[in-house]
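S.K.: Just one file: work-v5.tsv, with TSV, C-alpha atoms.
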```
chain	number	residue	atom	x	y	z
C	1	MET	CA	-8.36	6.94	94.40
C	2	THR	CA	-8.99	10.11	92.41
C	3	ASP	CA	-7.13	12.53	90.19
C	4	VAL	CA	-8.68	15.60	91.85
C	5	ALA	CA	-5.84	17.39	93.63
C	6	ILE	CA	-6.63	19.40	96.75
C	7	ASP	CA	-4.78	20.07	99.98
C	8	PRO	CA	-6.70	17.91	102.47
C	9	LEU	CA	-5.38	20.01	105.34
C	10	ASP	CA	-7.68	22.78	104.09
C	11	LEU	CA	-10.54	20.56	105.24
C	12	ALA	CA	-9.02	19.48	108.54
C	13	LEU	CA	-6.77	22.08	110.16
C	14	PRO	CA	-8.56	24.45	112.58
C	15	GLU	CA	-6.07	27.23	111.85
C	16	ARG	CA	-6.95	27.14	108.14
C	17	TYR	CA	-10.59	27.81	109.06
C	18	GLY	CA	-9.45	30.60	111.36
C	19	GLU	CA	-7.24	32.25	108.77
C	20	HIS	CA	-9.34	31.74	105.63
C	21	GLY	CA	-12.87	30.89	106.73
C	22	PHE	CA	-14.80	27.93	105.36
C	23	PRO	CA	-13.08	26.32	102.31
C	24	HIS	CA	-16.05	26.86	100.00
C	25	ASP	CA	-13.89	26.97	96.85
C	26	THR	CA	-12.54	23.50	97.63
C	27	TRP	CA	-15.94	22.11	98.56
C	28	THR	CA	-17.47	23.53	95.37
C	29	ARG	CA	-14.82	21.81	93.28
C	30	LEU	CA	-15.29	18.52	95.10
C	31	ARG	CA	-19.07	18.59	94.70
C	32	ALA	CA	-18.59	18.99	90.96
C	33	GLU	CA	-15.65	16.66	90.38
C	34	ASP	CA	-15.33	14.18	93.25
C	35	PRO	CA	-18.11	14.53	95.85
C	36	VAL	CA	-16.86	11.59	97.94
C	37	HIS	CA	-13.14	12.28	98.04
C	38	TRP	CA	-10.40	10.24	99.71
C	39	CYS	CA	-8.20	12.40	101.96
C	40	GLU	CA	-4.91	11.58	103.67
C	41	PRO	CA	-3.98	14.79	105.50
C	42	GLU	CA	-0.64	14.74	107.25
C	43	GLY	CA	-1.06	14.10	110.96
C	44	TYR	CA	-4.64	12.84	110.66
C	45	ARG	CA	-6.24	9.48	110.02
C	46	PRO	CA	-7.45	9.15	106.41
C	47	PHE	CA	-11.10	9.78	105.62
C	48	TRP	CA	-13.68	10.24	102.90
C	49	ALA	CA	-14.79	13.86	102.51
C	50	VAL	CA	-18.54	13.81	101.77
C	51	THR	CA	-19.62	17.11	100.22
C	52	ARG	CA	-23.01	16.67	98.50
C	53	HIS	CA	-26.40	17.16	100.12
C	54	ALA	CA	-27.79	13.81	98.93
C	55	ASP	CA	-24.84	11.80	100.24
C	56	VAL	CA	-24.77	13.56	103.61
C	57	LYS	CA	-28.51	12.94	103.96
C	58	GLU	CA	-28.23	9.30	102.89
C	59	ILE	CA	-25.43	8.52	105.34
C	60	SER	CA	-27.18	10.34	108.19
C	61	SER	CA	-30.39	8.42	107.57
C	62	HIS	CA	-28.80	4.98	108.01
C	63	PRO	CA	-27.11	4.71	111.42
C	64	GLU	CA	-27.13	0.93	111.10
C	65	ARG	CA	-24.59	1.25	108.27
C	66	PHE	CA	-22.82	4.43	109.36
C	67	SER	CA	-22.06	4.56	113.07
C	68	SER	CA	-21.40	7.62	115.23
C	69	ARG	CA	-18.61	5.66	116.91
C	70	PRO	CA	-15.72	5.45	117.51
C	71	ARG	CA	-14.81	8.91	116.18
C	72	LEU	CA	-17.04	11.97	116.22
C	73	THR	CA	-14.75	14.69	114.86
C	74	LEU	CA	-11.45	15.15	113.07
C	75	THR	CA	-8.67	14.97	115.62
C	76	PRO	CA	-4.91	14.89	114.96
C	77	LYS	CA	-3.45	11.45	115.59
C	78	ALA	CA	-1.06	12.86	118.18
C	79	VAL	CA	-3.94	14.45	120.11
C	80	GLU	CA	-5.99	11.27	119.86
C	81	ASP	CA	-3.03	9.33	121.29
C	82	GLU	CA	-2.85	11.83	124.16
C	83	MET	CA	-6.58	11.42	124.76
C	84	LEU	CA	-6.24	7.64	124.85
C	85	ALA	CA	-3.45	7.98	127.38
C	86	ALA	CA	-5.48	10.40	129.50
C	87	PHE	CA	-8.75	8.43	129.21
C	88	PRO	CA	-7.80	4.76	128.58
C	89	ASP	CA	-11.32	3.54	129.36
C	90	ALA	CA	-12.60	5.41	126.30
C	91	ALA	CA	-10.65	3.43	123.70
C	92	ASP	CA	-13.86	2.48	121.89
C	93	GLN	CA	-14.57	6.19	121.39
C	94	GLY	CA	-11.19	7.28	120.10
C	95	GLY	CA	-10.18	8.45	123.56
C	96	MET	CA	-13.16	10.79	123.99
C	97	PRO	CA	-14.54	10.07	127.49
C	98	LEU	CA	-17.92	11.71	126.88
C	99	ARG	CA	-20.87	9.35	126.32
C	100	MET	CA	-23.19	11.80	124.59
C	101	LEU	CA	-26.23	11.51	122.34
C	102	VAL	CA	-24.08	12.46	119.36
C	103	THR	CA	-21.82	9.44	119.95
C	104	MET	CA	-24.67	6.94	120.38
C	105	ASP	CA	-26.39	4.72	117.84
C	106	PRO	CA	-29.89	3.23	117.98
C	107	PRO	CA	-31.49	1.86	120.06
C	108	GLU	CA	-29.39	3.41	122.84
C	109	HIS	CA	-29.61	6.83	121.21
C	110	ARG	CA	-33.41	6.80	121.17
C	111	GLU	CA	-33.60	5.77	124.82
C	112	TYR	CA	-31.36	8.61	125.97
C	113	ARG	CA	-32.87	11.18	123.62
C	114	SER	CA	-36.34	10.44	125.00
C	115	LEU	CA	-35.26	11.74	128.42
C	116	ALA	CA	-34.91	15.35	127.27
C	117	GLY	CA	-37.08	15.15	124.17
C	118	PRO	CA	-40.33	16.24	125.88
C	119	TYR	CA	-38.62	19.41	127.10
C	120	PHE	CA	-38.00	20.51	123.50
C	121	ARG	CA	-41.45	19.84	122.06
C	122	PRO	CA	-43.04	22.72	120.12
C	123	ARG	CA	-45.59	23.46	122.85
C	124	VAL	CA	-42.86	23.79	125.48
C	125	ILE	CA	-40.72	25.93	123.20
C	126	ALA	CA	-43.71	28.19	122.50
C	127	ASN	CA	-44.02	28.78	126.24
C	128	LEU	CA	-40.39	29.96	126.34
C	129	GLU	CA	-40.85	32.58	123.64
C	130	ALA	CA	-41.99	35.34	126.00
C	131	ARG	CA	-38.82	34.90	128.04
C	132	VAL	CA	-36.66	34.94	124.90
C	133	GLU	CA	-38.40	38.21	123.96
C	134	GLU	CA	-37.41	39.65	127.35
C	135	ILE	CA	-33.81	38.52	127.01
C	136	THR	CA	-33.61	39.98	123.51
C	137	ASP	CA	-34.98	43.33	124.67
C	138	LEU	CA	-32.59	43.31	127.63
C	139	LEU	CA	-29.60	42.99	125.31
C	140	PHE	CA	-30.87	45.59	122.85
C	141	ASP	CA	-31.51	47.96	125.76
C	142	ARG	CA	-27.93	47.45	126.91
C	143	TYR	CA	-26.61	48.63	123.54
C	144	ALA	CA	-29.32	51.13	122.63
C	145	GLY	CA	-28.38	54.57	121.35
C	146	GLU	CA	-26.98	56.36	118.34
C	147	GLY	CA	-23.67	55.15	116.93
C	148	VAL	CA	-23.12	52.53	119.63
C	149	GLU	CA	-20.02	50.38	119.02
C	150	LEU	CA	-19.89	46.74	120.09
C	151	ASP	CA	-18.37	43.40	119.23
C	152	PHE	CA	-21.53	41.66	118.11
C	153	VAL	CA	-20.16	38.18	118.87
C	154	ALA	CA	-18.70	38.81	122.31
C	155	ASP	CA	-21.20	41.42	123.50
C	156	PHE	CA	-24.49	40.20	122.05
C	157	ALA	CA	-24.58	36.88	120.18
C	158	SER	CA	-22.72	35.00	122.91
C	159	TRP	CA	-25.17	36.07	125.60
C	160	HIS	CA	-28.44	35.82	123.67
C	161	PRO	CA	-28.73	31.99	123.66
C	162	LEU	CA	-26.65	31.58	126.82
C	163	LYS	CA	-29.13	33.25	129.15
C	164	MET	CA	-32.05	31.11	127.96
C	165	LEU	CA	-29.92	27.98	128.06
C	166	CYS	CA	-28.85	28.61	131.64
C	167	GLU	CA	-32.45	29.14	132.70
C	168	ILE	CA	-33.48	25.88	131.03
C	169	LEU	CA	-30.68	24.08	132.85
C	170	GLY	CA	-31.30	25.84	136.13
C	171	VAL	CA	-27.81	27.37	136.16
C	172	ALA	CA	-27.53	30.40	138.44
C	173	THR	CA	-27.06	33.81	136.81
C	174	LYS	CA	-23.71	34.18	138.57
C	175	ASP	CA	-22.44	31.09	136.73
C	176	GLU	CA	-23.39	32.19	133.20
C	177	GLY	CA	-19.85	33.44	132.63
C	178	VAL	CA	-18.46	30.06	133.65
C	179	ILE	CA	-20.60	28.28	131.05
C	180	LEU	CA	-19.52	30.80	128.40
C	181	ARG	CA	-15.84	30.33	129.19
C	182	LEU	CA	-16.06	26.53	129.22
C	183	THR	CA	-17.91	26.34	125.89
C	184	ASN	CA	-15.42	28.74	124.30
C	185	GLU	CA	-12.53	26.62	125.57
C	186	LEU	CA	-14.12	23.37	124.41
C	187	PHE	CA	-15.02	24.37	120.84
C	188	GLY	CA	-12.07	26.76	120.53
C	189	ALA	CA	-9.49	24.33	121.89
C	190	GLU	CA	-7.15	25.02	118.95
C	191	ASP	CA	-7.80	28.77	118.92
C	192	PRO	CA	-4.98	30.93	120.33
C	193	GLU	CA	-7.52	33.11	122.14
C	194	PHE	CA	-9.62	30.36	123.73
C	195	GLY	CA	-7.38	27.29	123.92
C	196	ARG	CA	-5.78	26.45	127.23
C	197	GLU	CA	-2.45	24.80	127.93
C	198	ASP	CA	-3.98	22.38	130.42
C	199	ARG	CA	-6.51	21.10	127.87
C	200	TRP	CA	-6.93	17.80	129.68
C	201	ASN	CA	-8.24	19.63	132.74
C	202	LEU	CA	-11.12	21.17	130.79
C	203	LEU	CA	-13.44	18.17	130.86
C	204	PRO	CA	-12.80	17.42	134.55
C	205	GLU	CA	-13.63	21.07	135.29
C	206	MET	CA	-16.87	20.78	133.33
C	207	PHE	CA	-17.68	17.50	135.08
C	208	ASN	CA	-17.11	19.05	138.50
C	209	PHE	CA	-19.37	21.99	137.67
C	210	PHE	CA	-22.22	19.79	136.48
C	211	PHE	CA	-21.73	17.24	139.26
C	212	GLN	CA	-22.44	19.99	141.79
C	213	LEU	CA	-25.48	21.07	139.78
C	214	ILE	CA	-26.75	17.47	139.68
C	215	GLU	CA	-26.37	17.14	143.44
C	216	GLU	CA	-28.34	20.36	143.94
C	217	LYS	CA	-31.15	19.21	141.63
C	218	ARG	CA	-31.36	15.84	143.36
C	219	ALA	CA	-31.60	17.49	146.76
C	220	GLU	CA	-34.11	20.14	145.66
C	221	PRO	CA	-35.57	19.28	142.25
C	222	GLY	CA	-37.42	21.94	140.30
C	223	GLU	CA	-39.13	22.10	136.93
C	224	ASP	CA	-35.98	22.80	134.91
C	225	LEU	CA	-34.30	20.36	132.55
C	226	ALA	CA	-31.41	19.84	134.95
C	227	SER	CA	-33.83	18.43	137.53
C	228	VAL	CA	-35.37	16.13	134.92
C	229	LEU	CA	-31.99	14.74	133.89
C	230	ALA	CA	-30.51	14.56	137.39
C	231	ASN	CA	-33.40	12.38	138.55
C	232	ALA	CA	-33.99	10.45	135.32
C	233	GLU	CA	-34.05	6.68	135.12
C	234	LEU	CA	-33.67	4.16	132.32
C	235	ASN	CA	-35.10	0.70	132.85
C	236	GLY	CA	-35.69	1.54	136.50
C	237	GLU	CA	-32.09	2.56	137.15
C	238	PRO	CA	-30.49	6.01	137.52
C	239	LEU	CA	-28.40	7.11	134.55
C	240	PRO	CA	-24.78	5.95	134.67
C	241	HIS	CA	-22.52	8.67	136.03
C	242	MET	CA	-20.58	9.36	132.82
C	243	GLU	CA	-23.68	9.32	130.63
C	244	LEU	CA	-25.41	11.80	132.94
C	245	LEU	CA	-22.47	14.20	133.07
C	246	SER	CA	-22.06	13.92	129.30
C	247	TYR	CA	-25.73	14.82	128.80
C	248	PHE	CA	-25.18	18.07	130.68
C	249	VAL	CA	-22.04	18.86	128.68
C	250	LEU	CA	-23.93	18.29	125.43
C	251	ILE	CA	-26.92	20.46	126.34
C	252	ALA	CA	-24.70	23.26	127.66
C	253	THR	CA	-22.37	23.37	124.67
C	254	ALA	CA	-24.59	22.44	121.72
C	255	GLY	CA	-27.33	24.73	123.02
C	256	HIS	CA	-25.05	27.74	123.03
C	257	ASP	CA	-22.19	27.74	120.55
C	258	THR	CA	-24.18	26.73	117.50
C	259	THR	CA	-26.82	29.43	117.98
C	260	ARG	CA	-24.15	32.02	118.79
C	261	ASN	CA	-22.40	31.20	115.51
C	262	ALA	CA	-25.67	31.30	113.58
C	263	LEU	CA	-26.54	34.75	114.95
C	264	SER	CA	-23.04	36.05	114.19
C	265	GLY	CA	-22.99	34.55	110.71
C	266	GLY	CA	-26.44	35.98	110.11
C	267	MET	CA	-25.35	39.47	111.13
C	268	ALA	CA	-22.35	39.23	108.79
C	269	ALA	CA	-24.66	38.10	105.98
C	270	PHE	CA	-27.00	41.06	106.47
C	271	LEU	CA	-24.04	43.44	106.45
C	272	GLU	CA	-22.88	41.89	103.17
C	273	HIS	CA	-26.40	41.86	101.69
C	274	PRO	CA	-28.06	45.16	102.67
C	275	ASP	CA	-30.94	44.46	100.29
C	276	GLN	CA	-31.94	41.53	102.50
C	277	LEU	CA	-31.79	43.71	105.60
C	278	ALA	CA	-34.06	46.20	103.84
C	279	ALA	CA	-36.45	43.38	102.96
C	280	LEU	CA	-36.55	42.26	106.59
C	281	ARG	CA	-37.28	45.78	107.78
C	282	ASP	CA	-40.04	46.15	105.20
C	283	ASP	CA	-41.60	42.84	106.20
C	284	PRO	CA	-40.54	41.54	109.65
C	285	SER	CA	-42.70	38.44	109.09
C	286	LEU	CA	-39.83	37.23	106.88
C	287	ALA	CA	-37.94	36.54	110.11
C	288	ARG	CA	-39.41	33.03	110.12
C	289	THR	CA	-37.91	31.98	106.78
C	290	ALA	CA	-34.85	34.15	107.44
C	291	ALA	CA	-34.04	32.05	110.52
C	292	ASP	CA	-33.62	28.96	108.34
C	293	GLU	CA	-31.63	30.88	105.75
C	294	VAL	CA	-29.30	32.14	108.48
C	295	VAL	CA	-28.68	28.56	109.62
C	296	ARG	CA	-28.10	27.39	106.03
C	297	TRP	CA	-25.74	30.27	105.38
C	298	ALA	CA	-23.74	30.09	108.61
C	299	SER	CA	-23.80	26.27	109.01
C	300	PRO	CA	-22.29	26.40	112.52
C	301	VAL	CA	-21.71	22.63	112.69
C	302	ILE	CA	-18.97	22.11	110.13
C	303	HIS	CA	-18.65	18.33	110.25
C	304	PHE	CA	-19.38	15.06	111.96
C	305	ILE	CA	-17.73	11.71	111.32
C	306	ARG	CA	-19.53	8.47	110.58
C	307	THR	CA	-17.80	5.09	110.42
C	308	ALA	CA	-18.94	2.48	107.92
C	309	THR	CA	-20.06	-0.72	109.65
C	310	GLU	CA	-20.01	-2.73	106.40
C	311	ASP	CA	-18.68	-2.53	102.88
C	312	CYS	CA	-20.91	-0.27	100.80
C	313	VAL	CA	-21.02	2.27	97.97
C	314	VAL	CA	-21.48	6.02	98.52
C	315	GLY	CA	-21.43	8.47	95.64
C	316	GLY	CA	-20.03	5.79	93.36
C	317	LYS	CA	-17.09	5.07	95.68
C	318	GLU	CA	-16.45	1.70	97.32
C	319	ILE	CA	-16.37	2.24	101.06
C	320	LYS	CA	-14.80	-0.39	103.29
C	321	ALA	CA	-16.06	-1.34	106.73
C	322	GLY	CA	-14.17	0.78	109.24
C	323	ASP	CA	-13.63	3.71	106.87
C	324	ASN	CA	-14.31	7.17	108.29
C	325	LEU	CA	-16.63	9.47	106.35
C	326	VAL	CA	-16.57	13.18	107.21
C	327	LEU	CA	-19.90	14.87	106.50
C	328	TYR	CA	-19.37	18.54	105.59
C	329	TYR	CA	-22.61	20.37	106.33
C	330	PRO	CA	-21.63	23.83	104.98
C	331	SER	CA	-20.84	22.16	101.66
C	332	ALA	CA	-24.13	20.25	101.62
C	333	ASN	CA	-25.88	23.56	102.31
C	334	ARG	CA	-24.33	25.10	99.17
C	335	ASP	CA	-25.20	22.20	96.88
C	336	GLU	CA	-26.10	23.47	93.41
C	337	THR	CA	-28.34	20.46	92.79
C	338	VAL	CA	-30.59	21.51	95.68
C	339	TRP	CA	-30.52	25.31	95.35
C	340	GLU	CA	-30.28	27.15	92.03
C	341	ASP	CA	-28.45	30.02	93.71
C	342	PRO	CA	-26.78	28.53	96.80
C	343	PHE	CA	-24.28	31.38	97.15
C	344	GLU	CA	-27.03	33.98	97.36
C	345	PHE	CA	-28.31	34.95	100.81
C	346	ARG	CA	-32.10	35.08	100.42
C	347	ILE	CA	-34.31	35.38	103.47
C	348	ASP	CA	-37.50	34.41	101.62
C	349	ARG	CA	-36.36	30.88	100.71
C	350	ASP	CA	-39.23	28.46	101.18
C	351	PRO	CA	-38.80	25.55	101.20
C	352	ASN	CA	-35.24	25.53	102.47
C	353	PRO	CA	-34.10	21.91	102.96
C	354	HIS	CA	-30.78	22.75	104.61
C	355	LEU	CA	-28.96	20.27	106.82
C	356	GLY	CA	-27.82	22.82	109.38
C	357	PHE	CA	-29.58	20.89	112.13
C	358	GLY	CA	-28.62	17.50	110.78
C	359	VAL	CA	-31.08	14.88	109.60
C	360	GLY	CA	-32.35	11.49	110.71
C	361	GLU	CA	-31.71	10.03	114.16
C	362	HIS	CA	-29.38	12.83	115.13
C	363	TYR	CA	-31.54	15.76	114.04
C	364	CYS	CA	-30.75	18.52	116.53
C	365	LEU	CA	-32.73	18.10	119.74
C	366	GLY	CA	-32.89	21.86	120.25
C	367	ALA	CA	-33.63	22.87	116.64
C	368	ALA	CA	-37.04	24.37	117.47
C	369	LEU	CA	-35.54	26.43	120.29
C	370	ALA	CA	-32.65	27.65	118.13
C	371	LYS	CA	-34.94	28.68	115.27
C	372	MET	CA	-37.24	30.49	117.67
C	373	GLU	CA	-34.31	32.35	119.27
C	374	ILE	CA	-32.96	33.40	115.87
C	375	ARG	CA	-36.42	34.46	114.66
C	376	VAL	CA	-37.08	36.55	117.77
C	377	PHE	CA	-33.69	38.24	117.42
C	378	LEU	CA	-34.39	39.05	113.76
C	379	GLU	CA	-37.83	40.47	114.55
C	380	HIS	CA	-36.35	42.80	117.15
C	381	PHE	CA	-33.36	43.62	114.95
C	382	ALA	CA	-35.73	44.65	112.15
C	383	HIS	CA	-37.61	47.23	114.22
C	384	ARG	CA	-34.99	48.35	116.76
C	385	VAL	CA	-31.87	48.86	114.63
C	386	THR	CA	-32.11	51.68	112.12
C	387	ASP	CA	-28.50	51.71	110.98
C	388	VAL	CA	-25.66	49.18	111.24
C	389	GLU	CA	-22.17	48.86	109.75
C	390	ALA	CA	-19.00	46.87	110.29
C	391	ILE	CA	-16.16	48.91	111.77
C	392	GLY	CA	-13.37	46.35	111.77
C	393	PRO	CA	-12.24	43.01	110.41
C	394	LEU	CA	-14.35	39.90	110.93
C	395	VAL	CA	-12.30	37.27	112.78
C	396	ASN	CA	-12.96	33.53	112.56
C	397	THR	CA	-12.48	30.99	115.31
C	398	HIS	CA	-9.73	28.44	114.71
C	399	ALA	CA	-12.11	25.49	114.63
C	400	SER	CA	-12.98	22.78	112.11
C	401	PHE	CA	-15.83	21.12	114.07
C	402	VAL	CA	-18.20	23.83	115.32
C	403	GLY	CA	-17.11	27.24	114.16
C	404	GLY	CA	-17.78	30.67	112.82
C	405	LEU	CA	-16.96	34.23	113.83
C	406	LYS	CA	-15.37	35.09	117.16
C	407	HIS	CA	-15.22	38.86	116.56
C	408	LEU	CA	-17.56	41.10	114.56
C	409	PRO	CA	-17.06	44.78	115.47
C	410	ILE	CA	-20.05	46.88	114.45
C	411	ARG	CA	-21.59	50.29	114.98
C	412	TRP	CA	-25.35	50.61	115.11
C	413	THR	CA	-28.13	52.94	116.04
C	414	ALA	CA	-30.71	51.08	118.10
C	415	THR	CA	-33.83	52.29	119.85
```
Rewrite the coordinates I just gave you, this time as structure tokens.
M.R.:
Amino acid sequence: MTDVAIDPLDLALPERYGEHGFPHDTWTRLRAEDPVHWCEPEGYRPFWAVTRHADVKEISSHPERFSSRPRLTLTPKAVEDEMLAAFPDAADQGGMPLRMLVTMDPPEHREYRSLAGPYFRPRVIANLEARVEEITDLLFDRYAGEGVELDFVADFASWHPLKMLCEILGVATKDEGVILRLTNELFGAEDPEFGREDRWNLLPEMFNFFFQLIEEKRAEPGEDLASVLANAELNGEPLPHMELLSYFVLIATAGHDTTRNALSGGMAAFLEHPDQLAALRDDPSLARTAADEVVRWASPVIHFIRTATEDCVVGGKEIKAGDNLVLYYPSANRDETVWEDPFEFRIDRDPNPHLGFGVGEHYCLGAALAKMEIRVFLEHFAHRVTDVEAIGPLVNTHASFVGGLKHLPIRWTAT
């Protein structure tokens, strides 16, 4: 369908992302020459790679024409067949048994989103800021001193959003490590460090964990989000079992891994652009715009799939009903038609219309919380860290869905 020659596996294979990072060279070429590009990678179902900001935004804004079902992410055909065999009742979702917000279309999506929506309103998030400040100080205190060495991802960025998330969900402190392990195993399923041989036991393990939490919150409800969801009703009926469990899986994973990757990508960006770190130290109020620039730069959510519900035209290409379109958010966030200097890390960008939190119906439920957590970290980083440097190679997770750094060894002096 096009003369532009690329290796489509560069866009699909998790190990390529792990070994080489995001394929920005390929995305840049596609944006310029073939922004809606037909791909037939070996071992995967064919798809349209959507790389421009305008097209990603257009598709995301019309769920009636571009459905979140049946497929959410790029999955090898062999793995999808295994999933269908393991979860035959989920055939309409490509074998994925989870019934999450991200796999729902309107009006069902709006109904389910409304259950947790009030918990993430700006006023509620503002009330959480003092606790995020405490968590941030706790972590900086743990690694305070001159010339302290740490793996920023494993030692700091992983725990920063996790602690707040667990408090929101009412997860006991002793179980924070369980949530961390499960999210690593879910998003790093193809990573040699995080993937597990018994991959089909991962979701049942997550379900069992959250089922026990639901039972506790039904017996003794509190004011946390877990209590709200465990006792929620739609149309006068309790939430269906799978939908309820899936809601917990979504909150626990999306609320942690994306922010962890943003913080890690942000740290790497400041190390690469010391002038921006100096600017932040000179004016910590820049942390607010810097938080958005960190999300644009890191783009932790790499892609989502939408399926055309009717014949249509996108980016000049004729799309057939049933075609899969893969929306590449890191590419959209480097679009030269939106930013004059998209490959420059600039913490004073304002406005900054990135799509790091999505757009439209599926705009990230926890976006306000994530931005606040990143901003608070940057404010503390600006005044507590006087010197920082990388002391080893940056290592990427083998992941093509939600990804970023899994190791970032640094040395800093922190008060």
S.K.: So which residues touch Ile410 of chain C within 6 Å, counting only C-alpha atoms, skipping near sequence neighbours fewer than 6 positions away, as a list in words?
M.R.: Glu149, Leu150, Glu389, Ala390 and Ile391 of chain C
S.K.: Set out as JSON lines a contact list for segment 45-100 of chain C and segment 296-308 of chain C with a cut-off of 6 Å, giving each residue of segment 45-100 of chain C that qualifies its closest atom pair and distance in Å to one decimal, counting all atoms listed in the file, ordered by chain and rising residue number.
M.R.:
```
{"residue": "C:Arg65", "atom": "CA", "partner": "C:Ala308", "partner_atom": "CA", "distance": 5.8}
{"residue": "C:Phe66", "atom": "CA", "partner": "C:Ala308", "partner_atom": "CA", "distance": 4.6}
{"residue": "C:Ser67", "atom": "CA", "partner": "C:Thr307", "partner_atom": "CA", "distance": 5.0}
{"residue": "C:Ser68", "atom": "CA", "partner": "C:Arg306", "partner_atom": "CA", "distance": 5.1}
{"residue": "C:Leu72", "atom": "CA", "partner": "C:Ile305", "partner_atom": "CA", "distance": 5.0}
{"residue": "C:Thr73", "atom": "CA", "partner": "C:Phe304", "partner_atom": "CA", "distance": 5.5}
```
S.K.: Please, could you write that set of residues out with C-alpha atoms as a CSV table (one decimal), keeping the file's coordinate frame?
M.R.:
```csv
chain,number,residue,atom,x,y,z
C,65,ARG,CA,-24.6,1.2,108.3
C,66,PHE,CA,-22.8,4.4,109.4
C,67,SER,CA,-22.1,4.6,113.1
C,68,SER,CA,-21.4,7.6,115.2
C,72,LEU,CA,-17.0,12.0,116.2
C,73,THR,CA,-14.8,14.7,114.9
```
S.K.: One decimal, Å: what's the distance from atom CA of Leu280 of chain C over to atom CA of Arg346 of chain C, could you say?
M.R.: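 We find that atom CA of Leu280 of chain C and atom CA of Arg346 of chain C lie 10.5 Å from each other.
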S.K.: I'd like to know which of C:Gly404, C:Pro76, C:Tyr328, C:Val376 is closest to Ala130 of chain C, using all atoms listed in the file.
M.R.: C:Val376
S.K.: With all atoms listed in the file as the atoms that count, which of C:Pro88, C:Pro107, C:Gly366, C:Gly18 lies nearest to Thr259 of chain C?
M.R.: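 The closest residue to Thr259 of chain C is C:Gly366.
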S.K.: Using only C-alpha atoms, find the one residue out of C:Glu129, C:Glu19, C:Asp350, C:Glu205 that sits nearest to Lys371 of chain C.
M.R.: C:Glu129
S.K.: So which one's closest to Val124 of chain C, C:Leu225, C:Leu30, C:Gly195, C:Thr413? Using all atoms listed in the file, please.
M.R.: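 With all atoms listed in the file as the atom set, the closest residue is C:Leu225.
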S.K.: Here is a test: counting all atoms listed in the file, which residue of C:Arg31, C:Arg121, C:Arg196, C:His241 is nearest to Asn208 of chain C?
M.R.: C:His241
S.K.: Between atom CA of Leu408 of chain C and atom CA of Val153 of chain C, what is the spacing in Å?
M.R.: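 These atoms are spaced 5.8 Å apart.
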S.K.: Any idea what the distance is between atom CA of Ala49 of chain C and atom CA of Met267 of chain C?
M.R.: 29.0 Å
S.K.: Pick out the residues sitting within 10 Å of Ala290 of chain C, and hand them over as a ChimeraX atom specification; count only C-alpha atoms, and ignore anything fewer than 6 positions along from it in its own chain.
M.R.: /C:266,276,280,284,296,345-350,352,371,374-375,378-379
S.K.: Of the residues C:Pro240, C:Pro41, C:Gly255, C:Pro14, which is the one nearest to Leu162 of chain C, using only C-alpha atoms?
M.R.: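 Closest candidate: C:Gly255.
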